[in-house]
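Below is one structure; the comments refer to it alone.
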There are 2 protein chains.
Amino acid sequence: MSTAGITGPAGFSAGATTAGIKPSGKPDMALVVNNGPRFDAAAVFTRNRVVASPVKLSRKAVADGQLAAVIFNSGNANACNGAQGDADASALVGKVAQTLSLPEGDIAACSTGLIGEPLPMQKALAGAASVTKDLGTSANHAHAAAEAILTTDTVTKEAAYAGDGWSVGAMGKGVGMMAPSLATMLVCITTDATASSSALQSALNKAVLQTFNTLDVDGSTSTNDTVILMASGASAVSPSQEELDRAVLAVCADIADQLQADAEGVTKRVKITVEGTATDDQALNAARTLGRDNLFKCAMFGSDPNWGRVLAAVGMADAEMDPENISVYFNDQPVCRASTGVPGAREVDLSGTNIEVRVDLGTGGAGSAFVRTTDLSHAYVEINSAYSS
Amino acid sequence: MSTAGITGPAGFSAGATTAGIKPSGKPDMALVVNNGPRFDAAAVFTRNRVVASPVKLSRKAVADGQLAAVIFNSGNANACNGAQGDADASALVGKVAQTLSLPEGDIAACSTGLIGEPLPMQKALAGAASVTKDLGTSANHAHAAAEAILTTDTVTKEAAYAGDGWSVGAMGKGVGMMAPSLATMLVCITTDATASSSALQSALNKAVLQTFNTLDVDGSTSTNDTVILMASGASAVSPSQEELDRAVLAVCADIADQLQADAEGVTKRVKITVEGTATDDQALNAARTLGRDNLFKCAMFGSDPNWGRVLAAVGMADAEMDPENISVYFNDQPVCRASTGVPGAREVDLSGTNIEVRVDLGTGGAGSAFVRTTDLSHAYVEINSAYSS
């Protein structure tokens with residue numbers, strides 16, 4: 001991908017460095033700076049009750065709708081480190097503020113990696129100082145930042161959207177644990193549009209709902225999930241809310257696609273649509289219940305059109321249904337009608353990478369929703385059983 | 001195990017046969033007959049909205065608190081087969097009623113196996129006729145019945161309890177999908193005590209709550225789960241409700257232990273206790289949330305004392321907690337206090353088969369609960385990705 005990512009929009013510079021936080025010796029710190037003239041910002045954080053120190057810090061930093069920079073580190077989540085973790089996150093942000101002469105309260109922090117290990121502060125502070133010296137606006141700078149935030153990701157994730165005289169850029173990381181409230185997912189979005197923080201927050205909320213919140217790889221959620229959107233106003237273009245919504249949605253959808261494709265141990269990408277419920281919320285509950293069912297996910301890994309597991313899973317969902325009138329389609333082929341198998345159902349070909357599952361819960365209601373998930377593979381078990389990964 | 005199982009208590013006979021429903025050619029039908037003089041019975045069924053035809057039939061049969069027999073088949077769940085499935089379950093029960101000259105309405109049916117395949121009725125009816133000809137009261141007869149109800153189980157599961165002049169016996173099958181409302185689990189309990197159906201139901205409800213409902217292997221639930229308790233009164237002993245409760249709990253606990261030990265692809269048995277919540281229900285929610293978290297379960301497979309995943313998982317539970325005051329113990333060793341790692345936490349030895357995890361959510365409340373689960377292993381994926389298993 002040759003997109004300019006987060007430095008595509010005017011007014012943003014980025015950089016990366018290898019601070020030595022990752023034992024692998026790969027790049028592990030990144031910085032994104034908004035050079036203005038405006039500093040409007042919005043963010044969405046994990047809904048997990050247990051939150052990492054950088055999440056607590058960033059929530060406060062963005063509370064006034066203004067951000068000037070975001071400091072990232074990978075290899076250590078700085079979560080569950082108590083008061084020391086909070087102090088470390090503050091010190092890191094303080095270092096960036098001091099070096100760039102920015103107000104400390106306008107800098108957010110994002111960390112990803114192992115939970116419960118103290119952040120190696122000598123390395124992190126040296127890294128924070130170092131990364132400020134190599135900031136630039138090139139696509140290479142953006143790409144280096146996108147690389148430095150990765151953990152078990154196998155590829156960098158960047159996206160771009162071109163408006164009429166303005167643009168949006170994004171980078172993200174995340175490979176598993178993408179659930180209702182995001183998870184182990186960091187996304188940074190930049191735009192040179194002129195937009196108030198409330199307009200940005202509105203666009204971001206809608207986009208997250210339709211993209212990251214429809215991803216549910218394993219039902220787990222992280223202590224560190226953060227999506228940050230910053231607007232420099234450098235284009236002097238003020239898009240309508242509708243245009244802004246469309247642009248933010250576009251880059252979020254693109255990053256979400258890349259996250260799903262790179263999810264841990266994935267061999268199948270599964271889109272689950274549920275319809276025929278009274279409300280969209282009920283359809284979403286049922287889609288999530290199916291998307292988290294390990295027996296269903298194992299069947300997808302085995303390319304097995306075992307629609308019985310679909311019925312067994314949705315039967316437990318918090319959604320009204322007609323248990324005698326459920327329909328199931330695999331890749332648009334009917335496999336179950338009126339809760340009964342269709343002849344030939346076992347022969348449906350699910351050997352491809354992409355599988356579409358559609359379930360009608362049979363109440364005649366107009367509710368519908370979808371989630372995107374993955375199969376449950378040997379590689380998933382392998383990656384996630386490795387010692388303190 | 002040389003227990004007499006379901007024929008231990010006086011008044012019960014059992015038998016098994018190979019009807020050819022299983023492609024493997026292994027025994028696949030069993031019959032348990034209560035010879036009286038009393039026919040009091042109680043049952044607990046799956047909470048799944050999608051229920052198999054035999055569950056619908058058995059619910060009706062036991063509604064009057066009386067059962068004279070239960071016909072079992074393995075290899076086919078007779079679920080999601082529409083009106084034909086209901087008719088087939090009725091025909092099977094009708095065949096047993098006719099052969100044994102019993103009222104059709106006093107016979108329950110239990111099926112387990114693949115969902116959505118019509119029951120091969122010619123084989124099943126011949127099997128039902130055949131099994132009635134080889135009924136007996138020996139331990140071998142009980143054992144043959146216990147064997148004929150297995151699916152992917154690797155061992156038979158039987159239990160016994162000796163009261164003062166009366167006894168209880170049990171058999172069960174089930175290897176995965178053991179969740180809040182049981183799952184792919186069939187259990188038959190017999191007693192020669194004299195007890196009313198309401199006394200039996202009360203004992204069964206309490207026992208299921210403390211045993212099968214604390215098992216949560218993968219959060220999935222089945223369309224066919226059934227636990228049936230029949231009392232012949234042949235001992236002429238009327239135990240107190242307390243004695244009955246204790247006896248039914250004992251055999252249920254024994255069978256539940258055997259189910260957990262034989263769960264699909266298990267390499268670890270994990271007991272999760274949650275305390276420090278306002279109510280027991282909240283503790284149970286948190287214990288279940290942790291027990292279903294795939295990242296946690298993969299860590300258990302890897303013998304990895306990754307307590308950060310415990311915090312990340314319980315942080316999403318529907319339970320009040322103090323996110324800054326959570327404690328975690330692995331095998332009684334503290335690994336996390338005040339939501340912060342304890343020195344040496346990463347060195348805790350989890351290499352044994354049994355792992356105890358205790359979590360205090362830090363509210364100071366007296367609520368507590370436990371669930372028993374397993375790790376998520378390569379073998380689990382292997383078994384459950386096999387084509388239409």
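In the structure tokens, each chain is lettered A, B, ... as it comes, each chain's residues begin at 1, and ligands are numbered from 1 in order of appearance.
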Find the residues of chain A in contact range of chain B, meaning any atom within 7 Å when counting only C-alpha atoms, and list them as a VMD selection string.
chain A and resid 48 to 50 80 to 82 115 to 116 218 220 to 223 293 to 295 298 to 299 301 to 302 304 306 308 311 to 313 315 to 316 323 339 to 341 376 to 378 381 384 to 388
Residues within 10 Å of A:Thr191, only C-alpha atoms, excluding chain neighbours under 3 positions, as an MDAnalysis selection string: chainID A and resid 6:12 34 41 160:163 166:170 194:195 200 229:235 244 247:248
Restricting it to C-alpha atoms, dump the selection as a tab-separated table (two decimals), in the first residue's frame.
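Final output, again-v9.tsv:
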chain	number	residue	atom	x	y	z
A	6	ILE	CA	-1.60	9.64	8.70
A	7	THR	CA	0.68	12.22	7.08
A	8	GLY	CA	-1.45	12.42	3.95
A	9	PRO	CA	-3.62	15.22	5.36
A	10	ALA	CA	-1.81	18.58	5.65
A	11	GLY	CA	-0.68	19.62	9.10
A	12	PHE	CA	0.52	16.28	10.43
A	34	ASN	CA	-0.80	17.83	14.77
A	41	ALA	CA	-9.98	15.97	18.36
A	160	ALA	CA	-6.64	7.23	3.03
A	161	TYR	CA	-9.68	9.16	1.80
A	162	ALA	CA	-9.57	12.09	-0.60
A	163	GLY	CA	-12.21	14.77	-0.17
A	166	TRP	CA	-9.22	17.95	2.04
A	167	SER	CA	-8.35	14.43	3.05
A	168	VAL	CA	-8.31	11.83	5.79
A	169	GLY	CA	-5.55	9.38	6.69
A	170	ALA	CA	-5.38	6.53	9.17
A	194	THR	CA	-11.83	22.19	9.63
A	195	ALA	CA	-14.22	20.52	12.06
A	200	LEU	CA	-15.50	14.81	14.83
A	229	LEU	CA	-9.31	11.34	15.39
A	230	MET	CA	-7.44	14.65	15.04
A	231	ALA	CA	-8.25	17.56	12.71
A	232	SER	CA	-5.63	20.18	11.81
A	233	GLY	CA	-7.85	22.49	9.77
A	234	ALA	CA	-4.83	22.97	7.48
A	235	SER	CA	-6.94	22.59	4.32
A	244	LEU	CA	-17.15	14.15	7.28
A	247	ALA	CA	-14.87	10.12	4.98
A	248	VAL	CA	-14.31	8.87	8.53
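Nearest to A:Thr99 of all the residues A:Gln66, A:Asn78, A:Thr132, A:Gln282 is A:Thr132, based on only C-alpha atoms.
Counting from atom CA of B:Leu125, the distance to atom CA of B:Ala145 is 17.2 Å.
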(Q) I'd like the contact shell of A:Gly113 - 7 Å cut-off, only C-alpha atoms, skipping same-chain residues fewer than 2 positions apart - returned as a list in words. (A) Ser74, Gly75, Asn76, Ala77, Ser111, Ile115 and Thr151 of chain A
| request: Once DSSP has gone over the backbone, tell me which residues of stretch 33-146 of chain B are in alpha helix (DSSP H), as number ranges by chain. | output: B: 53-62, 82-100, 121-131, 139-146
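From atom CA of B:Ala97 back to atom CA of B:Ala61, the distance works out to 12.4 Å.
Compared by their closest atoms to A:Gly65, and using only C-alpha atoms, the residues A:Ala126, A:Ala43, A:Val237, A:Leu284 rank with A:Ala43 nearest.
Straight-line separation from atom CA of A:Ala278 to atom CA of A:Gln201: 29.2 Å.
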**Message:** At a cut-off of 10 Å, using only C-alpha atoms, what residues contact stretch 250-257 of chain B? Leave out same-chain residues fewer than 6 positions from it and give the result as an MDAnalysis selection string.
**Reply:** chainID B and resid 5 156:161 168:174 178 185 187:189 204 207:208 210:215 227 244 263 269 372
Return as a ChimeraX atom specification the full set of residues in stretch 131-279 of chain B whose backbone-based DSSP assignment is strand (DSSP E or B).
/B:136,157-162,167-173,179,182,186-191,215,226-231,269-277
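For B:Val274, the non-local neighbours within 10 Å, defined as residues at least 4 positions apart in the same chain or in other chains and counting only C-alpha atoms, are B:Asp280, B:Gln282, B:Ala283, B:Leu284, B:Asn285, B:Ala286, B:Ala287, B:Arg288, B:Leu290, B:Val314, B:Ser327, B:Val328, B:Val357, B:Arg358, B:Val359, B:Asp360, B:Leu361, B:Gly367, B:Ser368, B:Ala369, B:Phe370, B:Val371.
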Could you write those residues out with N, CA and C atoms, as an mmCIF file, in the first residue's frame?
data_model
loop_
_atom_site.group_PDB
_atom_site.id
_atom_site.type_symbol
_atom_site.label_atom_id
_atom_site.label_comp_id
_atom_site.auth_asym_id
_atom_site.auth_seq_id
_atom_site.Cartn_x
_atom_site.Cartn_y
_atom_site.Cartn_z
ATOM 1 N N ASP B 280 -24.116 -13.356 44.551
ATOM 2 C CA ASP B 280 -23.609 -14.577 43.933
ATOM 3 C C ASP B 280 -23.807 -14.555 42.419
ATOM 4 N N GLN B 282 -23.708 -12.031 40.384
ATOM 5 C CA GLN B 282 -22.655 -11.243 39.735
ATOM 6 C C GLN B 282 -21.349 -12.030 39.684
ATOM 7 N N ALA B 283 -21.069 -12.748 40.753
ATOM 8 C CA ALA B 283 -19.850 -13.573 40.770
ATOM 9 C C ALA B 283 -19.928 -14.644 39.685
ATOM 10 N N LEU B 284 -21.123 -15.220 39.528
ATOM 11 C CA LEU B 284 -21.303 -16.253 38.501
ATOM 12 C C LEU B 284 -21.120 -15.669 37.103
ATOM 13 N N ASN B 285 -21.680 -14.487 36.862
ATOM 14 C CA ASN B 285 -21.497 -13.831 35.569
ATOM 15 C C ASN B 285 -20.015 -13.647 35.261
ATOM 16 N N ALA B 286 -19.278 -13.179 36.253
ATOM 17 C CA ALA B 286 -17.854 -12.920 36.034
ATOM 18 C C ALA B 286 -17.087 -14.222 35.817
ATOM 19 N N ALA B 287 -17.450 -15.256 36.595
ATOM 20 C CA ALA B 287 -16.772 -16.548 36.444
ATOM 21 C C ALA B 287 -17.037 -17.123 35.054
ATOM 22 N N ARG B 288 -18.286 -16.982 34.578
ATOM 23 C CA ARG B 288 -18.620 -17.492 33.241
ATOM 24 C C ARG B 288 -17.912 -16.702 32.159
ATOM 25 N N LEU B 290 -15.075 -15.204 32.315
ATOM 26 C CA LEU B 290 -13.677 -15.640 32.277
ATOM 27 C C LEU B 290 -13.573 -17.048 31.688
ATOM 28 N N VAL B 314 -12.419 -10.361 32.949
ATOM 29 C CA VAL B 314 -13.445 -10.031 33.954
ATOM 30 C C VAL B 314 -13.869 -8.569 33.857
ATOM 31 N N SER B 327 -7.965 -8.843 42.765
ATOM 32 C CA SER B 327 -6.897 -9.784 43.111
ATOM 33 C C SER B 327 -7.082 -11.077 42.330
ATOM 34 N N VAL B 328 -5.998 -11.701 41.954
ATOM 35 C CA VAL B 328 -6.040 -12.975 41.233
ATOM 36 C C VAL B 328 -5.068 -13.953 41.894
ATOM 37 N N VAL B 357 -8.239 -21.117 39.665
ATOM 38 C CA VAL B 357 -8.113 -19.669 39.495
ATOM 39 C C VAL B 357 -9.128 -19.005 40.415
ATOM 40 N N ARG B 358 -8.646 -18.080 41.245
ATOM 41 C CA ARG B 358 -9.556 -17.375 42.138
ATOM 42 C C ARG B 358 -9.401 -15.883 41.877
ATOM 43 N N VAL B 359 -10.547 -15.215 41.726
ATOM 44 C CA VAL B 359 -10.537 -13.784 41.423
ATOM 45 C C VAL B 359 -11.397 -13.068 42.449
ATOM 46 N N ASP B 360 -10.841 -12.031 43.077
ATOM 47 C CA ASP B 360 -11.618 -11.196 43.995
ATOM 48 C C ASP B 360 -11.838 -9.850 43.318
ATOM 49 N N LEU B 361 -13.103 -9.515 43.060
ATOM 50 C CA LEU B 361 -13.387 -8.290 42.304
ATOM 51 C C LEU B 361 -13.337 -7.032 43.161
ATOM 52 N N GLY B 367 -20.601 -11.887 47.825
ATOM 53 C CA GLY B 367 -20.999 -12.758 46.723
ATOM 54 C C GLY B 367 -19.852 -13.640 46.261
ATOM 55 N N SER B 368 -20.170 -14.888 45.908
ATOM 56 C CA SER B 368 -19.151 -15.768 45.333
ATOM 57 C C SER B 368 -19.819 -16.856 44.506
ATOM 58 N N ALA B 369 -19.075 -17.421 43.588
ATOM 59 C CA ALA B 369 -19.576 -18.491 42.731
ATOM 60 C C ALA B 369 -18.387 -19.131 42.030
ATOM 61 N N PHE B 370 -18.619 -20.329 41.514
ATOM 62 C CA PHE B 370 -17.542 -20.949 40.743
ATOM 63 C C PHE B 370 -18.108 -21.605 39.492
ATOM 64 N N VAL B 371 -17.258 -21.747 38.488
ATOM 65 C CA VAL B 371 -17.571 -22.578 37.329
ATOM 66 C C VAL B 371 -16.351 -23.457 37.054
#
